[in-house]
Each structure stands twice: as structure tokens, then as C-alpha cells.
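Enquirer: One file: run.txt (compact mmCIF, C-alpha atoms).
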# COMPACT_ATOMS: atom_id res chain seq x y z
CA MET X 255 -4.08 1.29 11.26
CA THR X 256 -4.74 4.36 9.15
CA LYS X 257 -2.90 7.66 9.29
CA ILE X 258 -5.15 10.63 9.92
CA THR X 259 -4.11 14.26 10.26
CA TYR X 260 -6.12 16.59 12.43
CA ILE X 261 -5.34 20.29 12.02
CA GLU X 262 -6.41 22.65 14.77
CA HIS X 263 -7.80 26.06 13.85
CA SER X 264 -4.52 27.58 15.07
CA GLY X 265 -2.69 25.49 12.46
CA THR X 266 -1.22 22.95 14.88
CA SER X 267 -1.24 19.61 13.14
CA HIS X 268 -1.54 16.15 14.72
CA THR X 269 -0.96 13.00 12.68
CA VAL X 270 -1.93 9.78 14.41
CA ASP X 271 -2.60 6.14 13.62
CA VAL X 272 -6.24 5.26 14.06
CA GLU X 273 -7.55 1.73 14.20
CA ASN X 274 -9.77 0.83 11.26
CA GLY X 275 -13.42 0.55 12.20
CA LEU X 276 -13.26 3.46 14.63
CA THR X 277 -14.65 6.85 13.70
CA VAL X 278 -12.56 9.93 13.00
CA MET X 279 -14.06 11.42 16.18
CA GLU X 280 -12.93 8.42 18.27
CA GLY X 281 -9.46 8.68 16.74
CA ALA X 282 -9.21 12.26 18.00
CA VAL X 283 -10.61 11.56 21.45
CA GLN X 284 -8.43 8.49 22.04
CA ASN X 285 -5.33 10.42 21.04
CA ASN X 286 -6.19 13.44 23.20
CA ILE X 287 -6.34 15.76 20.21
CA PRO X 288 -7.85 19.08 21.23
CA GLY X 289 -10.60 20.70 19.19
CA ILE X 290 -13.13 17.89 19.06
CA ASP X 291 -15.55 17.91 22.00
CA ALA X 292 -17.93 15.06 21.06
CA ASP X 293 -20.29 15.97 23.90
CA CYS X 294 -22.90 13.35 23.02
CA GLY X 295 -20.30 10.61 22.61
CA GLY X 296 -21.02 9.81 18.97
CA GLY X 297 -24.81 9.75 18.95
CA MET X 298 -25.07 12.37 16.20
CA ALA X 299 -26.98 14.49 18.67
CA CYS X 300 -24.78 17.48 19.39
CA ALA X 301 -22.62 18.73 16.48
CA THR X 302 -19.53 19.26 18.65
CA CYS X 303 -17.25 16.92 16.65
CA HIS X 304 -17.59 19.10 13.57
CA VAL X 305 -14.69 19.03 11.06
CA TYR X 306 -13.96 20.34 7.58
CA VAL X 307 -12.81 17.59 5.25
CA LYS X 308 -10.21 18.53 2.64
CA GLU X 309 -11.89 18.74 -0.75
CA GLU X 310 -9.90 15.90 -2.34
CA TRP X 311 -11.07 13.62 0.45
CA PHE X 312 -14.66 14.74 0.71
CA ASP X 313 -15.94 12.37 -1.99
CA LYS X 314 -13.84 9.44 -0.79
CA ILE X 315 -15.31 9.18 2.69
CA ASN X 316 -18.63 7.51 3.42
CA GLU X 317 -21.68 9.62 2.57
CA LYS X 318 -23.48 11.68 5.15
CA SER X 319 -25.78 9.80 7.47
CA GLU X 320 -29.47 10.54 7.49
CA GLY X 321 -29.97 13.51 9.75
CA GLU X 322 -26.30 14.50 9.74
CA ASP X 323 -27.01 17.71 7.81
CA ASP X 324 -29.74 18.56 10.32
CA MET X 325 -27.12 18.49 13.05
CA ILE X 326 -24.53 20.35 10.96
CA ASP X 327 -27.11 23.17 10.71
CA GLN X 328 -26.44 23.68 14.39
CA ALA X 329 -22.66 23.49 14.20
CA PHE X 330 -20.31 26.44 14.54
CA GLU X 331 -19.63 27.96 11.08
CA PRO X 332 -20.76 25.13 8.84
CA LYS X 333 -19.34 25.03 5.30
CA LYS X 334 -19.81 22.97 2.15
CA ASN X 335 -17.19 20.46 3.32
CA SER X 336 -18.51 20.15 6.86
CA ARG X 337 -18.92 16.73 8.41
CA LEU X 338 -19.50 15.30 11.85
CA SER X 339 -16.37 13.30 12.58
CA CYS X 340 -18.39 10.73 14.54
CA GLN X 341 -19.99 9.73 11.25
CA ILE X 342 -16.77 9.17 9.29
CA LEU X 343 -15.62 5.57 9.49
CA VAL X 344 -11.90 4.93 9.37
CA SER X 345 -10.73 2.36 6.85
CA GLU X 346 -7.53 1.63 4.87
CA ASN X 347 -8.58 3.75 1.92
CA LEU X 348 -8.67 6.84 4.12
CA ASP X 349 -4.93 6.58 4.79
CA GLY X 350 -3.62 10.15 4.75
CA LEU X 351 -7.00 11.79 5.42
CA VAL X 352 -6.76 15.40 6.56
CA VAL X 353 -9.46 17.12 8.55
CA ASN X 354 -9.48 20.71 9.75
CA MET X 355 -11.12 21.74 12.96
CA PRO X 356 -13.34 24.82 13.26
CA GLU X 357 -12.37 27.70 15.54
CA LYS X 358 -14.55 26.21 18.25
CA GLN X 359 -17.23 23.57 18.62
CA SER X 360 -19.92 25.56 20.35
CA MET E 75 -33.62 28.38 52.49
CA ILE E 76 -34.87 24.91 51.58
CA LYS E 77 -33.59 22.08 53.76
CA THR E 78 -33.23 18.66 52.18
CA ASP E 79 -31.29 15.43 52.71
CA ALA E 80 -29.90 15.50 49.19
CA LEU E 81 -30.00 17.92 46.28
CA ILE E 82 -29.81 16.44 42.81
CA ILE E 83 -28.50 18.60 39.97
CA GLY E 84 -29.91 17.32 36.68
CA ALA E 85 -33.28 15.76 35.86
CA GLY E 86 -32.07 13.32 33.22
CA PRO E 87 -32.51 9.56 33.59
CA THR E 88 -29.66 9.27 36.08
CA GLY E 89 -30.95 12.12 38.26
CA LEU E 90 -34.46 10.69 38.21
CA PHE E 91 -33.43 7.19 39.21
CA THR E 92 -31.11 8.57 41.88
CA ALA E 93 -34.11 10.45 43.31
CA HIS E 94 -36.00 7.16 43.33
CA GLN E 95 -33.22 5.42 45.20
CA LEU E 96 -33.01 8.20 47.79
CA LYS E 97 -36.74 8.14 48.46
CA LEU E 98 -36.73 4.36 48.64
CA ILE E 99 -34.22 4.37 51.49
CA GLY E 100 -36.19 7.08 53.28
CA LEU E 101 -34.30 10.25 52.39
CA ASP E 102 -35.76 13.49 51.06
CA CYS E 103 -34.47 15.09 47.91
CA GLU E 104 -35.14 17.95 45.51
CA VAL E 105 -34.06 18.24 41.89
CA VAL E 106 -32.81 21.28 39.94
CA ASP E 107 -32.50 21.41 36.15
CA ASN E 108 -31.72 24.21 33.74
CA LEU E 109 -34.12 22.87 31.10
CA ASP E 110 -37.82 23.72 31.31
CA LYS E 111 -38.75 20.04 31.30
CA ILE E 112 -37.76 16.76 32.91
CA GLY E 113 -35.65 14.25 30.97
CA GLY E 114 -32.25 15.79 30.20
CA GLN E 115 -30.53 14.70 27.00
CA CYS E 116 -33.18 11.99 26.48
CA ILE E 117 -35.88 14.58 26.05
CA GLU E 118 -33.82 17.40 24.56
CA LEU E 119 -31.60 15.55 22.10
CA TYR E 120 -33.35 12.33 21.15
CA PRO E 121 -36.98 12.13 22.35
CA ASP E 122 -37.96 10.08 19.27
CA LYS E 123 -34.85 7.96 18.84
CA PRO E 124 -35.13 4.37 20.00
CA ILE E 125 -32.76 3.13 22.72
CA TYR E 126 -31.98 -0.60 22.77
CA ASP E 127 -29.75 -1.09 25.78
CA ILE E 128 -31.86 -0.37 28.82
CA PRO E 129 -31.92 -3.62 30.84
CA ALA E 130 -35.27 -5.43 30.55
CA VAL E 131 -36.60 -2.84 28.09
CA PRO E 132 -35.94 -4.19 24.59
CA GLU E 133 -36.72 -0.87 22.93
CA CYS E 134 -37.93 2.54 24.02
CA THR E 135 -37.53 6.13 22.91
CA GLY E 136 -35.91 8.88 24.98
CA GLU E 137 -39.35 10.25 25.72
CA GLU E 138 -40.77 6.85 26.75
CA LEU E 139 -37.81 6.21 29.03
CA THR E 140 -38.33 9.60 30.66
CA ASN E 141 -42.05 9.01 31.12
CA ASN E 142 -41.41 5.61 32.67
CA LEU E 143 -38.91 7.08 35.10
CA ILE E 144 -41.37 9.83 36.03
CA ASN E 145 -44.03 7.16 36.60
CA GLN E 146 -41.65 5.27 38.83
CA LEU E 147 -41.36 8.42 40.98
CA LYS E 148 -45.13 8.80 41.33
CA PRO E 149 -45.36 7.30 44.84
CA PHE E 150 -42.99 9.99 46.07
CA ASP E 151 -43.36 13.67 46.59
CA ILE E 152 -40.35 15.24 44.92
CA LYS E 153 -39.97 18.93 44.22
CA PHE E 154 -38.48 19.81 40.83
CA HIS E 155 -36.98 23.24 40.23
CA LEU E 156 -36.97 23.54 36.43
CA SER E 157 -35.48 26.34 34.31
CA GLU E 158 -33.04 26.97 37.13
CA ARG E 159 -29.32 26.54 37.00
CA VAL E 160 -27.23 25.87 40.09
CA ASP E 161 -24.63 28.60 40.15
CA GLU E 162 -23.03 28.29 43.55
CA VAL E 163 -22.12 25.46 45.92
CA LYS E 164 -20.41 26.53 49.14
CA LYS E 165 -19.53 24.79 52.38
CA SER E 166 -20.94 26.11 55.66
CA SER E 167 -19.87 23.97 58.64
CA ASP E 168 -21.22 20.46 57.84
CA MET E 169 -23.67 21.55 55.18
CA TRP E 170 -23.51 22.61 51.55
CA ILE E 171 -25.26 25.86 50.67
CA VAL E 172 -26.50 25.70 47.09
CA LYS E 173 -27.84 28.69 45.15
CA THR E 174 -29.52 28.86 41.76
CA ASN E 175 -29.57 31.66 39.19
CA LYS E 176 -33.19 32.35 40.16
CA GLY E 177 -32.27 32.93 43.79
CA THR E 178 -33.51 29.61 45.23
CA SER E 179 -31.18 28.37 47.94
CA PHE E 180 -30.80 25.01 49.64
CA THR E 181 -28.96 23.71 52.64
CA THR E 182 -28.07 20.02 52.46
CA PRO E 183 -25.39 17.57 53.56
CA ASN E 184 -25.43 15.92 50.12
CA VAL E 185 -25.19 17.30 46.58
CA ILE E 186 -25.45 14.82 43.75
CA ILE E 187 -24.34 16.10 40.36
CA ALA E 188 -26.17 14.21 37.63
CA GLY E 189 -25.52 16.90 35.09
CA GLY E 190 -24.70 14.92 31.92
CA VAL E 191 -22.37 17.10 29.92
CA GLY E 192 -23.43 20.23 31.75
CA SER E 193 -26.34 22.57 31.33
CA PHE E 194 -28.09 23.21 28.05
CA GLU E 195 -27.66 26.72 26.69
CA PRO E 196 -28.78 28.17 23.36
CA ARG E 197 -26.16 28.13 20.62
CA LYS E 198 -25.36 31.73 19.81
CA PHE E 199 -24.10 33.75 16.84
CA SER E 200 -20.35 34.18 16.80
CA VAL E 201 -20.22 37.51 14.98
CA GLU E 202 -18.94 40.71 16.51
CA GLY E 203 -21.52 42.62 18.50
CA GLN E 204 -23.54 39.57 19.56
CA ASP E 205 -22.86 40.22 23.26
CA LYS E 206 -23.75 43.90 22.91
CA PHE E 207 -27.05 43.25 21.12
CA GLU E 208 -28.15 40.05 22.91
CA ASN E 209 -31.49 40.50 24.70
CA LYS E 210 -31.91 43.90 23.00
CA SER E 211 -31.95 43.15 19.29
CA ILE E 212 -30.89 39.50 19.30
CA PHE E 213 -32.91 36.74 20.93
CA TYR E 214 -32.55 32.96 21.14
CA SER E 215 -35.98 32.37 22.65
CA ILE E 216 -39.13 34.44 22.66
CA LYS E 217 -40.85 35.45 25.85
CA ASP E 218 -43.10 38.22 24.52
CA LYS E 219 -43.88 38.08 20.81
CA ASN E 220 -45.67 41.45 20.95
CA ILE E 221 -42.41 43.40 20.93
CA PHE E 222 -41.94 42.34 17.29
CA LYS E 223 -45.28 43.70 16.08
CA GLY E 224 -44.90 45.79 12.92
CA LYS E 225 -41.12 45.32 12.93
CA THR E 226 -38.71 43.58 10.59
CA VAL E 227 -37.46 40.34 12.10
CA SER E 228 -34.64 38.23 10.62
CA ILE E 229 -34.87 34.61 11.69
CA PHE E 230 -31.92 32.22 11.32
CA GLY E 231 -32.23 28.44 11.41
CA GLY E 232 -33.85 25.53 9.60
CA GLY E 233 -35.58 23.56 12.32
CA ASP E 234 -39.03 23.66 13.84
CA SER E 235 -38.35 26.63 16.14
CA ALA E 236 -37.16 28.84 13.29
CA LEU E 237 -39.98 27.80 10.97
CA ASP E 238 -42.74 27.95 13.58
CA TRP E 239 -41.76 31.47 14.59
CA ALA E 240 -41.40 32.59 10.96
CA VAL E 241 -44.97 31.41 10.30
CA GLU E 242 -46.35 32.85 13.54
CA LEU E 243 -44.65 36.24 13.32
CA SER E 244 -45.45 36.66 9.60
CA ASN E 245 -48.98 37.60 10.72
CA ASN E 246 -47.89 41.04 11.82
CA CYS E 247 -44.16 41.38 11.11
CA ASN E 248 -41.95 41.65 8.08
CA ILE E 249 -40.01 38.37 8.10
CA ASN E 250 -36.63 37.42 6.65
CA LEU E 251 -35.91 33.71 7.01
CA ILE E 252 -32.26 32.80 6.51
CA HIS E 253 -30.91 29.25 6.41
CA ARG E 254 -27.54 27.81 5.39
CA ARG E 255 -28.96 25.27 2.93
CA ASP E 256 -32.07 24.57 0.84
CA GLU E 257 -33.50 21.79 2.97
CA PHE E 258 -35.27 22.35 6.24
CA ARG E 259 -35.41 19.86 9.05
CA GLY E 260 -38.75 21.06 10.43
CA ALA E 261 -42.04 19.16 10.21
CA GLN E 262 -43.18 18.79 6.58
CA ALA E 263 -46.46 20.62 7.18
CA THR E 264 -44.59 23.63 8.56
CA VAL E 265 -42.07 23.55 5.70
CA ASP E 266 -45.01 23.57 3.22
CA LYS E 267 -46.60 26.47 5.06
CA VAL E 268 -43.35 28.44 4.92
CA HIS E 269 -43.08 27.90 1.14
CA GLU E 270 -46.69 29.09 0.75
CA LEU E 271 -45.90 32.24 2.72
CA VAL E 272 -42.77 32.79 0.62
CA LYS E 273 -44.92 32.62 -2.53
CA SER E 274 -47.37 35.15 -1.15
CA ASN E 275 -44.46 37.41 -0.14
CA LYS E 276 -45.23 37.15 3.55
CA ILE E 277 -41.77 35.68 4.20
CA ASN E 278 -38.55 36.67 2.43
CA LEU E 279 -36.49 33.50 2.18
CA PHE E 280 -32.70 33.47 1.83
CA THR E 281 -31.19 30.02 1.63
CA LYS E 282 -27.49 29.13 1.55
CA PHE E 283 -26.82 32.33 3.46
CA GLN E 284 -25.33 32.81 6.91
CA LEU E 285 -24.97 35.82 9.19
CA LYS E 286 -21.82 37.80 8.43
CA LYS E 287 -22.14 41.14 10.22
CA LEU E 288 -24.37 43.13 12.55
CA ASN E 289 -24.75 46.85 11.85
CA GLY E 290 -26.08 49.44 14.29
CA SER E 291 -25.09 51.44 17.33
CA SER E 292 -27.37 50.81 20.30
CA ASN E 293 -29.79 48.59 18.40
CA ILE E 294 -29.34 46.57 15.24
CA GLU E 295 -30.28 48.53 12.12
CA SER E 296 -29.25 46.06 9.45
CA ILE E 297 -27.37 42.81 8.94
CA ASP E 298 -25.06 41.49 6.25
CA ILE E 299 -25.59 37.90 5.17
CA GLU E 300 -23.18 35.96 2.99
CA ASN E 301 -23.48 32.85 0.87
CA GLU E 302 -20.93 30.22 -0.11
CA ASP E 303 -19.96 32.24 -3.22
CA LYS E 304 -19.12 35.17 -0.93
CA GLU E 305 -22.09 37.15 -2.24
CA ILE E 306 -23.18 39.58 0.45
CA LYS E 307 -26.69 40.97 0.95
CA ASN E 308 -27.61 43.76 3.33
CA LEU E 309 -30.99 43.39 5.05
CA LYS E 310 -32.64 46.14 7.06
CA THR E 311 -33.85 44.60 10.28
CA ASP E 312 -34.97 45.54 13.78
CA TYR E 313 -34.53 42.16 15.40
CA VAL E 314 -32.47 39.02 14.84
CA LEU E 315 -33.61 35.63 16.12
CA GLY E 316 -31.29 32.62 16.15
CA PHE E 317 -32.56 29.05 16.48
CA PHE E 318 -29.56 26.74 16.27
CA GLY E 319 -30.56 24.35 19.02
CA LEU E 320 -28.93 23.94 22.38
CA ILE E 321 -25.40 23.12 23.36
CA MET E 322 -24.17 21.65 26.59
CA GLN E 323 -21.80 23.62 28.73
CA LEU E 324 -20.18 22.50 31.93
CA GLY E 325 -20.82 26.02 33.25
CA PRO E 326 -20.54 26.85 36.95
CA ILE E 327 -19.71 23.23 37.96
CA ALA E 328 -16.12 24.09 37.05
CA ASN E 329 -15.98 26.55 39.97
CA TRP E 330 -16.91 24.22 42.83
CA GLY E 331 -13.43 22.99 43.68
CA LEU E 332 -13.90 19.56 42.10
CA ASN E 333 -11.27 17.54 40.28
CA ILE E 334 -12.31 17.94 36.67
CA ASP E 335 -10.72 16.25 33.68
CA LYS E 336 -12.04 16.59 30.13
CA LYS E 337 -15.32 18.10 31.33
CA THR E 338 -15.97 15.17 33.66
CA VAL E 339 -15.71 14.94 37.43
CA GLU E 340 -13.45 12.38 39.09
CA VAL E 341 -15.17 10.10 41.60
CA ASP E 342 -14.47 6.95 43.60
CA THR E 343 -16.41 3.85 42.67
CA GLU E 344 -17.66 3.02 46.14
CA LYS E 345 -19.74 6.13 46.85
CA PHE E 346 -19.29 8.05 43.60
CA GLU E 347 -18.06 10.84 45.80
CA THR E 348 -15.87 13.61 44.39
CA ASN E 349 -12.81 15.08 46.11
CA GLN E 350 -15.31 17.13 48.18
CA LYS E 351 -17.01 15.21 50.99
CA GLY E 352 -20.77 15.15 50.42
CA ILE E 353 -20.60 16.04 46.73
CA TYR E 354 -21.17 13.13 44.39
CA ALA E 355 -21.19 12.83 40.61
CA VAL E 356 -23.15 10.21 38.72
CA GLY E 357 -24.03 9.46 35.09
CA ASP E 358 -22.24 10.91 32.07
CA ILE E 359 -20.55 13.64 34.08
CA CYS E 360 -18.55 11.33 36.33
CA ASN E 361 -15.28 9.75 35.47
CA TYR E 362 -13.42 6.73 36.90
CA PRO E 363 -11.33 3.92 35.43
CA GLY E 364 -13.55 1.91 33.09
CA LYS E 365 -16.39 4.44 33.02
CA LEU E 366 -19.03 3.57 30.41
CA LYS E 367 -21.26 6.42 29.25
CA LEU E 368 -24.43 4.36 29.27
CA ILE E 369 -27.73 5.14 30.95
CA LEU E 370 -27.56 1.84 32.82
CA SER E 371 -24.23 2.86 34.37
CA GLY E 372 -25.88 6.04 35.65
CA PHE E 373 -28.55 3.97 37.39
CA HIS E 374 -25.93 1.90 39.19
CA GLU E 375 -23.89 4.95 40.16
CA GLY E 376 -26.99 6.75 41.48
CA ALA E 377 -28.02 3.76 43.59
CA LEU E 378 -24.63 3.68 45.31
CA ALA E 379 -24.40 7.46 45.74
CA ALA E 380 -27.86 7.44 47.35
CA ARG E 381 -26.68 4.93 50.00
CA ALA E 382 -23.62 7.08 50.65
CA CYS E 383 -25.92 10.06 51.28
CA PHE E 384 -27.63 8.19 54.12
CA LYS E 385 -24.59 8.42 56.38
CA LEU E 386 -24.37 12.20 56.15
CA ALA E 387 -28.13 12.80 56.26
CA ARG E 388 -28.81 10.43 59.19
CA PRO E 389 -25.53 10.34 61.14
CA ASN E 390 -27.18 8.72 64.15
CA GLU E 391 -28.94 5.93 62.26
CA LYS E 392 -27.57 2.80 60.70
CA TYR E 393 -28.39 2.12 57.07
CA ARG E 394 -29.78 -1.36 56.62
CA PHE E 395 -29.91 -2.91 53.16
CA GLU E 396 -33.40 -4.13 52.20
CA PHE E 397 -35.10 -5.55 49.13
CA THR E 398 -38.19 -3.91 47.65
CA THR E 399 -39.78 -7.36 47.42
CA SER E 400 -39.75 -7.94 51.14
CA SER E 401 -39.20 -4.72 53.10
CA LYS E 402 -42.25 -3.42 54.94
CA ALA E 403 -40.61 0.00 55.33
CA ILE E 404 -39.96 0.32 51.61
CA LYS E 405 -43.46 -0.87 50.75
CA SER E 406 -44.96 1.70 53.03
CA ARG E 407 -42.85 4.42 51.35
CA LEU E 408 -44.08 3.18 47.99
CA GLY E 409 -47.66 3.15 49.27
CA VAL E 410 -48.17 -0.50 48.38
CA LYS E 411 -49.67 -3.14 50.64
CA SER E 412 -47.41 -5.59 52.41
CA ASP E 413 -48.33 -9.26 52.17
Would you put the structure from the file into C-alpha cells?
Expert:
Amino acid sequence: MTKITYIEHSGTSHTVDVENGLTVMEGAVQNNIPGIDADCGGGMACATCHVYVKEEWFDKINEKSEGEDDMIDQAFEPKKNSRLSCQILVSENLDGLVVNMPEKQS
Amino acid sequence: MIKTDALIIGAGPTGLFTAHQLKLIGLDCEVVDNLDKIGGQCIELYPDKPIYDIPAVPECTGEELTNNLINQLKPFDIKFHLSERVDEVKKSSDMWIVKTNKGTSFTTPNVIIAGGVGSFEPRKFSVEGQDKFENKSIFYSIKDKNIFKGKTVSIFGGGDSALDWAVELSNNCNINLIHRRDEFRGAQATVDKVHELVKSNKINLFTKFQLKKLNGSSNIESIDIENEDKEIKNLKTDYVLGFFGLIMQLGPIANWGLNIDKKTVEVDTEKFETNQKGIYAVGDICNYPGKLKLILSGFHEGALAARACFKLARPNEKYRFEFTTSSKAIKSRLGVKSD
């Protein structure tokens, strides 16, 4: 289990234990955390699980998948530290990861 | 008013196979979809991506799957109402009255929602004034390119739609092309063409910029764009075009009195009926204990919902289960010879 903190745009913070091997998106969905829609279910086809990864974590998570930036182009208010949470794999070395959610997903 | 045994909302794989199942058991159906083409998410989101978990099909793309499903419907005469969104579903005695945003209306005992995650809508700008200027100065699709002639048009986006229109409109418009990063995801030939036109000053390219502000009273007069370093540029412009792809929105389905949880509709697993008699939900949009969001699950759900429709469409007949391999009635519906 790995501790991940999801911060809603309003500032509300949710820290949950996520099973290793799941994605950050799945961790949010399984724990009923609002702010991540994941319309396509993790197929990297919709850009509605968009998160901002805290700078100190950005280089520690797995690199962007091929085509991920193409989808982020379509996300709501993309920034330098934007990722699709369905493409971030949870593992022990992400313990303490913090992701911020955008104002909305679409 | 169109009369039909069952109305299917959604022309994705689940909707298509449900139509097949209805026709096979001798019921009529019509299909409505908000997209301008058949195929749903398969055709809109991943036409070229291979799918590996369709039973008996080791590998096929979203487009191939769609084409195969369309082929499977060839023996039947099914009316598709594309580019139409169902806005209203209302009960009138034993029938459902269904109306679309284009004014088409249906009367039917059965409505099958095969709507995926909802209807596809263009992703819009989120800056102030977007609602005021939309369809006047801001567009997300182009119906008549002649209105742009001789004008300054600012195009946002990095995919094929943005690039194709930048190239096309650069013939007789002043074009600003704005994209949030340096790379484009359009076809390489188009990307090359855009760079050529940038060199010959036919297109003004601004990368790493995003829309910050719309300026103007009744029409847009200029826009402010901002980059990651907070540098702001003001561009005079008559029109703004946004091409950020499509998003899925549950839309009017939320207003039909159905039990909805997390953008999905609760159904039973016998008929895939919702809390409203005669309204069914199948495929990604339905929800029940153990629901798997796989295309194959949609096929199963559609087959059962189709049988449930029979009772309401033919109250005085008894549904009899038959195999396609042996049933004369089914073979005659398919237009194939019986042995």
C-alpha cells in the first residue's frame, strides 16, 4: 500500500492508501475521491483524469506514455506539470505522492 | 411522429449489436446518435487503436470493429438519425414519447440507452465571455468557411482539425495558430505544411501559449494569450476557433427520472431495465453489481434487453427462443436460404 494525497481544486485534501500496481486514477475512483472523472476508464482516450503533479514528484513518477501529451492538449487548463492520472503507476517509491486536481475535468 | 418497437440511443458497438438482436427476433428499431457517424467511442476516440478482447476476434481496430458491426446489420433496414441528440423522454399512457434536438419525435414502448458515457460535445474555452461570443466570434466547428474570408482568425489546438483549418483558411485569411506546446499531434504532412506557411508568413505561430482573455463588446476585437512564463501577448482578431477534441457529457439523460449513480444508470441484470418500465440501459452507461466496462459485456446486455423489449412491443405474442443456425424465421429475416 502506498499513501497518496489528492487535493481538490477547492483545497479539500484526501489521503488514501492505494494498492501498488494500480494507477493514481484507479486509486481516486476506488476511494470515491471527487474531481477525477476518468470517462474512458483508463484508455488514455479522454483527458478527464487530469492532475497536476507536485514539482518534487514530477521527475520521480514514470515518464509520460506515448500519446499522453496529445491527450493533455485537450485537457482543461494544462500546465507544465500536467499528467493523466491513469498513466501514473503506483509503487512503493511514490509513498507520499501529492497530486492536485484542476478546477474541472471538462 | 415515428412509430417503432424500440428506440436505441447511441450508435456505438453496444447500440449496433442491440439493433441486430432486435431485428433478429423480429422487432423494428431506429437509432439516434449525437455524432455525425456510426461507431461511438470506437470511431471517435480510438479508430486506429487495436482491441484484443473481442471474443473470436484476436485483434481489430475500433474502426474495423465498427465496420464489421455495420456489415452484420446489412440484412436489416435500420434507420439511423445521426447528429441528433435525444433531449426528452416522456411517458404517454403505455408509450414513451422521445424528442431530439432537431425536432424528430418517436413513439415507442421501449427505449434502450446505449449511450456510453453520454453524448460527445466539443471541449470549449473556459475564459470569461465564451458563452457570450460562442457562435458569433467563437466556433468549435466550421459550417461555412466563407464568413472568415479576409478576416483575422485565431486558431487554438495542435491536432489535425486545428492544423487542417489553419492551412485551409490561410488561403484568404490572416491566421494566428496558437498551441500550448511545440509539438503537434497532427499528420506529419500537415505539420510540415504548417511550418512552410509559417516561414512564408502565411501563418503566425504562437507555441507554448494559451488563451487568457477575450476582449470586445458584441464581437471579439482582440485576445490575450499567455505563456508559461506569464508573458502576455495581445492579438487583434475577428474570430476564435477552438479544436480541443470532444468530451463526453451525460447531458439530458440526467433528466429522465432514472436512478443515476456516478454518471451511470442502475439496471437489473435480467432485462437491463432501469427504474422506469420500458427504459433499458446497456453498455458502458449501465451499472449493476459486477459490471465490467467491456464491449463484450455490452453485447450480452443488449441481447437480453432486446428480448425484454419483445414483451412490451408484442404483448399478445409469446417470445420463443430460437438459434440462428436452425430457425427458419430468423433465416428469412436475415435473407439467407434455409436448408
Enquirer: Provide as a PyMOL selection string the residues of chain X at most 9 Å from chain E, counting only C-alpha atoms.
Expert: chain X and resi 291+293-295+299-302+321+323-324+327-334+360
Enquirer: By how many Å are CA of Lys225 (chain E) and CA of Cys247 (chain E) apart?
Expert: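 One can read the CA of Lys225 (chain E) to CA of Cys247 (chain E) distance as 5.3 Å.
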Enquirer: Counting all atoms listed in the file, what is within 6 Å of region 335-337 of chain X, bar same-chain residues fewer than 4 positions away, as a short mmCIF file (atom, residue, chain, number, x, y, z; two decimals) with C-alpha atoms, in the coordinates of the input?
Expert:
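After the write, result_29.cif holds the following:
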data_model
loop_
_atom_site.label_atom_id
_atom_site.label_comp_id
_atom_site.auth_asym_id
_atom_site.auth_seq_id
_atom_site.Cartn_x
_atom_site.Cartn_y
_atom_site.Cartn_z
CA HIS X 304 -17.59 19.10 13.57
CA VAL X 305 -14.69 19.03 11.06
CA TYR X 306 -13.96 20.34 7.58
CA VAL X 307 -12.81 17.59 5.25
#
Enquirer: Which polymer residues have any atom within 10 Å of an atom of Gly265 (chain X), counting all atoms listed in the file, with same-chain residues fewer than 4 positions away left out, as an NGL selection string?
Expert: :X and (260-261 or 354-355)
Enquirer: Of the candidates E:Lys286, E:Lys310, E:Arg159, E:Lys77, which shows the shortest atom-to-atom distance to Leu109 (chain E), using only C-alpha atoms?
Expert: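 Comparing E:Lys286, E:Lys310, E:Arg159, E:Lys77 against Leu109 (chain E), the winner is E:Arg159.
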Enquirer: Would you work out the distance separating CA of Lys273 (chain E) from CA of Thr226 (chain E), expressed in Å to one decimal?
Expert: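 Interatomic distance here is 18.2 Å.
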Enquirer: Quick one: pull the distance between CA of Asn108 (chain E) and CA of Glu158 (chain E), Å, one decimal.
Expert: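 These two atoms are separated by 4.6 Å.
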Enquirer: I want to know what sits within 9 Å of Leu309 (chain E), based on all atoms listed in the file, with residues of the same chain fewer than 5 positions away left out; could you give that as a ChimeraX atom specification?
Expert: /E:228,250,295-299
Enquirer: To box region 194-199 of chain E, take all atoms listed in the file, fit an axis-aligned box, add 8 Å on each side, and give centre and edge lengths in Å to one decimal, as lines of an AutoDock Vina configuration file.
Expert:
center_x = -26.4
center_y = 28.5
center_z = 22.4
size_x = 20.7
size_y = 26.5
size_z = 27.2
Enquirer: Do you know which residues lie at most 8 Å from (-10.7, 4.3, 10.2), with coordinates as in the file and all atoms listed in the file counted, and could you write them as JSON, numbers by chain?
Expert: {"X": [255, 256, 272, 273, 274, 275, 276, 277, 278, 281, 342, 343, 344, 345, 346, 348]}
Enquirer: X:Gln284, X:Thr266, X:Asn347, X:Gln359: which is nearest Trp311 (chain X), counting all atoms listed in the file?
Expert: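 Checking each of X:Gln284, X:Thr266, X:Asn347, X:Gln359 against Trp311 (chain X), counting all atoms listed in the file, the winner is X:Asn347.
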